[in-house]
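Trainee: Here's a structure for you.
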Amino acid sequence: MKPILLKGHERAITCVIYNNDGDLIFSAAKDSVPTLWRADTGERVGTYSGHSGAVWALSCRWDTKYLLSASADATAKLWEVKTGQLLVNYPHNGPVRSVCWADGGQRFATCSNYFMDKPGGIFIYDTPHHLNPQQYNKIPTIEVKIINKENPTEVIFTAFNDRLLASFEDGSIRVFDPKNGEQLNKINPHTKSISRLYMSPCKTFIITCSKDYTAKLLDADTLEVLKVYSTDRPVNAAVLNMEKEHVLLGGGQDAMDVTTTGSSVGKFETRFFHMIYEEEFGRVKGHFGPINALAINPDGMSFCSGSEDGYIRLHHFDKDYLDKQDEVPNKLDGPIE
């Protein structure tokens, strides 16, 4: 797989996503300027200028009309995708780490971190279709304050928007009722900070990735841990290729240690695991820093990775991969007891 190199950011990549149609890629970095690319050629289409700090997360509405961004400048912003126009600014008390549209695009959630004696929180905003964006209420309809200086890292909605999941730096996932903000459940799938939560397109699986060197596949309904993918490095990003039942993991050593070692020592590859068998079967190299972000095209034909080196590598899967038949591991051969 020969990659297309996307160079448009001046600092480390923090987030890459596809739109629902799979024809556009959105990227964010610590340089404060989200960028739009064509997913087929990697051509740079435009940028979204307005933030004054690192942009940590992006979320594109189902119809690709609006884009949300979450930034360390303590704001979330709503953009018009087509024109790049900033439509609404949502101020927070601290750095905003995550943002996520609800299915249908009539609500979205954010989470912010503890900052200057102000607690972090989880917030839900209404964006009703019958109103113009300029009429949206900048005050959240639901606010959950997080005490004890605990920091959430990601928020996602489950199927039918019936629950809101939030991951935390203590390795926990907490479940909230999006109607009133009540905490419904808490599990501890990891021993260290959870970097990302990824919901499968079918809304039946969640994959978590953590600094405890593992990624885990969870049932989206019960949050039961189904599979564990173990590595020898912190896992910063993970996605599911449901077309092939494969898990893609990205990570590497801490960014502060990158300059003291070579790329082969830092282990900056995208690693491929079989979703069911939990076995690694391939790696894609190329980055010169830890992989911070992964995204896979909804059609399963391409993926992209974003790294601390400031580059995005766009890979279109070759025929060998697409035609590959997964082999049953030796330990699974023979009759099932």
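Chain identifiers are assigned as A, B, and so on, following the order in which chains appear in the structure tokens; residues are numbered from 1 within each chain, and ligands are numbered from 1 in order of appearance.
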Neighbouring residues of range 73-75 of chain A were defined as those with any atom within 8 Å, considering only C-alpha atoms; residues of the same chain fewer than 5 positions away were excluded. Please report them as a list in words.

Mentor: His51, Ser52, Gly53, Ala54, Asn89, Tyr90, Pro91, His92, Asn93, Gly94, Pro95, Val96 and Ser112 of chain A

Trainee: Among range 150-324 of chain A, which residues carry a DSSP assignment of alpha helix (DSSP H), reported as JSON, numbers by chain?

Mentor: {"A": [263, 264, 265, 266, 319, 320, 321, 322, 323]}

Trainee: Can I get the selection written as a PDB file, in the first residue's frame, with N, CA, C and O atoms?

Mentor:
```
ATOM      1  N   SER A 263      13.032   5.756  14.423  1.00  0.00           N
ATOM      2  CA  SER A 263      11.650   5.373  14.147  1.00  0.00           C
ATOM      3  C   SER A 263      11.425   3.883  14.363  1.00  0.00           C
ATOM      4  O   SER A 263      10.345   3.461  14.740  1.00  0.00           O
ATOM      5  N   SER A 264      12.449   3.062  14.146  1.00  0.00           N
ATOM      6  CA  SER A 264      12.277   1.622  14.328  1.00  0.00           C
ATOM      7  C   SER A 264      12.154   1.251  15.797  1.00  0.00           C
ATOM      8  O   SER A 264      11.495   0.291  16.156  1.00  0.00           O
ATOM      9  N   VAL A 265      12.826   2.044  16.668  1.00  0.00           N
ATOM     10  CA  VAL A 265      12.760   1.775  18.099  1.00  0.00           C
ATOM     11  C   VAL A 265      11.451   2.297  18.689  1.00  0.00           C
ATOM     12  O   VAL A 265      10.847   1.711  19.573  1.00  0.00           O
ATOM     13  N   GLY A 266      10.996   3.439  18.161  1.00  0.00           N
ATOM     14  CA  GLY A 266       9.789   4.050  18.697  1.00  0.00           C
ATOM     15  C   GLY A 266       8.532   3.277  18.396  1.00  0.00           C
ATOM     16  O   GLY A 266       7.530   3.446  19.067  1.00  0.00           O
ATOM     17  N   LYS A 319      -5.214  -4.696  -3.644  1.00  0.00           N
ATOM     18  CA  LYS A 319      -6.006  -5.886  -3.964  1.00  0.00           C
ATOM     19  C   LYS A 319      -5.625  -7.064  -3.070  1.00  0.00           C
ATOM     20  O   LYS A 319      -6.487  -7.867  -2.687  1.00  0.00           O
ATOM     21  N   ASP A 320      -4.341  -7.187  -2.723  1.00  0.00           N
ATOM     22  CA  ASP A 320      -3.894  -8.292  -1.876  1.00  0.00           C
ATOM     23  C   ASP A 320      -4.621  -8.287  -0.534  1.00  0.00           C
ATOM     24  O   ASP A 320      -5.034  -9.335  -0.031  1.00  0.00           O
ATOM     25  N   TYR A 321      -4.759  -7.102   0.045  1.00  0.00           N
ATOM     26  CA  TYR A 321      -5.436  -7.012   1.332  1.00  0.00           C
ATOM     27  C   TYR A 321      -6.931  -7.272   1.183  1.00  0.00           C
ATOM     28  O   TYR A 321      -7.536  -8.020   1.964  1.00  0.00           O
ATOM     29  N   LEU A 322      -7.536  -6.662   0.180  1.00  0.00           N
ATOM     30  CA  LEU A 322      -8.988  -6.797   0.014  1.00  0.00           C
ATOM     31  C   LEU A 322      -9.398  -8.227  -0.304  1.00  0.00           C
ATOM     32  O   LEU A 322     -10.480  -8.671   0.087  1.00  0.00           O
ATOM     33  N   ASP A 323      -8.520  -8.969  -1.008  1.00  0.00           N
ATOM     34  CA  ASP A 323      -8.831 -10.361  -1.380  1.00  0.00           C
ATOM     35  C   ASP A 323      -8.365 -11.371  -0.342  1.00  0.00           C
ATOM     36  O   ASP A 323      -8.659 -12.557  -0.459  1.00  0.00           O
TER      37      ASP A 323
END
```

Trainee: Could you name the residues that touch range 136-148 of chain A at 12 Å or less, counting only C-alpha atoms, but leaving out those on the same chain fewer than 4 positions away, as JSON, numbers by chain?

Mentor: {"A": [75, 76, 77, 78, 87, 88, 89, 90, 91, 92, 93, 106, 107, 108, 109, 110, 111, 112, 113, 114, 115, 117, 118, 119, 120, 121, 122, 123, 124, 125, 126, 127, 128, 129, 130, 131, 132, 152, 164, 166, 168, 170, 174, 175, 176, 177, 178, 179, 180, 181, 182, 183]}

Trainee: Print the selection's residues with C-alpha atoms to a file, as a PDB file, in the first residue's frame.

Mentor:
```pdb
ATOM      1  CA  THR A  75     -14.127  26.624  23.164  1.00  0.00           C
ATOM      2  CA  ALA A  76     -16.085  24.340  20.896  1.00  0.00           C
ATOM      3  CA  LYS A  77     -16.950  25.819  17.517  1.00  0.00           C
ATOM      4  CA  LEU A  78     -19.564  25.094  14.861  1.00  0.00           C
ATOM      5  CA  LEU A  87     -21.202  29.962  12.802  1.00  0.00           C
ATOM      6  CA  VAL A  88     -21.308  29.520  16.587  1.00  0.00           C
ATOM      7  CA  ASN A  89     -18.743  29.711  19.382  1.00  0.00           C
ATOM      8  CA  TYR A  90     -19.425  27.682  22.550  1.00  0.00           C
ATOM      9  CA  PRO A  91     -17.271  28.878  25.504  1.00  0.00           C
ATOM     10  CA  HIS A  92     -16.208  26.462  28.259  1.00  0.00           C
ATOM     11  CA  ASN A  93     -14.344  26.848  31.558  1.00  0.00           C
ATOM     12  CA  GLN A 106     -30.190  17.807  16.695  1.00  0.00           C
ATOM     13  CA  ARG A 107     -27.827  17.670  19.691  1.00  0.00           C
ATOM     14  CA  PHE A 108     -24.148  17.367  20.423  1.00  0.00           C
ATOM     15  CA  ALA A 109     -22.002  16.690  23.473  1.00  0.00           C
ATOM     16  CA  THR A 110     -18.657  18.041  24.658  1.00  0.00           C
ATOM     17  CA  CYS A 111     -16.364  17.413  27.608  1.00  0.00           C
ATOM     18  CA  SER A 112     -13.867  19.775  29.208  1.00  0.00           C
ATOM     19  CA  ASN A 113     -10.985  19.333  31.654  1.00  0.00           C
ATOM     20  CA  TYR A 114     -10.283  20.779  35.101  1.00  0.00           C
ATOM     21  CA  PHE A 115      -8.597  24.190  34.771  1.00  0.00           C
ATOM     22  CA  ASP A 117      -9.855  25.590  40.074  1.00  0.00           C
ATOM     23  CA  LYS A 118     -12.803  25.182  37.704  1.00  0.00           C
ATOM     24  CA  PRO A 119     -14.062  21.590  37.486  1.00  0.00           C
ATOM     25  CA  GLY A 120     -14.270  19.692  34.234  1.00  0.00           C
ATOM     26  CA  GLY A 121     -17.629  18.754  32.864  1.00  0.00           C
ATOM     27  CA  ILE A 122     -19.779  17.062  30.269  1.00  0.00           C
ATOM     28  CA  PHE A 123     -22.208  19.226  28.329  1.00  0.00           C
ATOM     29  CA  ILE A 124     -25.056  18.660  25.874  1.00  0.00           C
ATOM     30  CA  TYR A 125     -26.235  21.402  23.512  1.00  0.00           C
ATOM     31  CA  ASP A 126     -29.368  21.522  21.363  1.00  0.00           C
ATOM     32  CA  THR A 127     -29.117  22.275  17.632  1.00  0.00           C
ATOM     33  CA  PRO A 128     -32.706  21.961  16.359  1.00  0.00           C
ATOM     34  CA  HIS A 129     -33.094  21.784  12.593  1.00  0.00           C
ATOM     35  CA  HIS A 130     -35.836  24.433  12.445  1.00  0.00           C
ATOM     36  CA  LEU A 131     -33.475  27.143  13.743  1.00  0.00           C
ATOM     37  CA  ASN A 132     -30.626  28.906  12.011  1.00  0.00           C
ATOM     38  CA  PRO A 152     -12.849  13.141  30.812  1.00  0.00           C
ATOM     39  CA  LEU A 164     -23.884   9.079  26.599  1.00  0.00           C
ATOM     40  CA  ALA A 166     -17.533   9.264  28.672  1.00  0.00           C
ATOM     41  CA  PHE A 168     -11.673   9.204  31.795  1.00  0.00           C
ATOM     42  CA  ASP A 170      -8.412   6.983  35.457  1.00  0.00           C
ATOM     43  CA  ARG A 174     -19.101   6.269  32.795  1.00  0.00           C
ATOM     44  CA  VAL A 175     -22.604   6.074  31.394  1.00  0.00           C
ATOM     45  CA  PHE A 176     -24.931   9.072  31.566  1.00  0.00           C
ATOM     46  CA  ASP A 177     -28.579   9.629  30.715  1.00  0.00           C
ATOM     47  CA  PRO A 178     -28.550  12.369  28.033  1.00  0.00           C
ATOM     48  CA  LYS A 179     -32.022  13.483  29.086  1.00  0.00           C
ATOM     49  CA  ASN A 180     -31.064  14.590  32.602  1.00  0.00           C
ATOM     50  CA  GLY A 181     -27.312  14.008  33.061  1.00  0.00           C
ATOM     51  CA  GLU A 182     -27.765  11.280  35.670  1.00  0.00           C
ATOM     52  CA  GLN A 183     -24.889   8.796  35.927  1.00  0.00           C
TER      53      GLN A 183
END
```

Trainee: With distances taken over only C-alpha atoms, which of A:Cys60, A:Met242, A:Ala237, A:Ile207 is nearest to Ala295 in chain A?

Mentor: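 Nearest candidate to Ala295 in chain A out of A:Cys60, A:Met242, A:Ala237, A:Ile207: A:Ala237.
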
Trainee: Suppose you want the space between CA of Gly50 in chain A and CA of Ile291 in chain A; what is it in Å?

Mentor: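 Separation between CA of Gly50 in chain A and CA of Ile291 in chain A: 25.5 Å.
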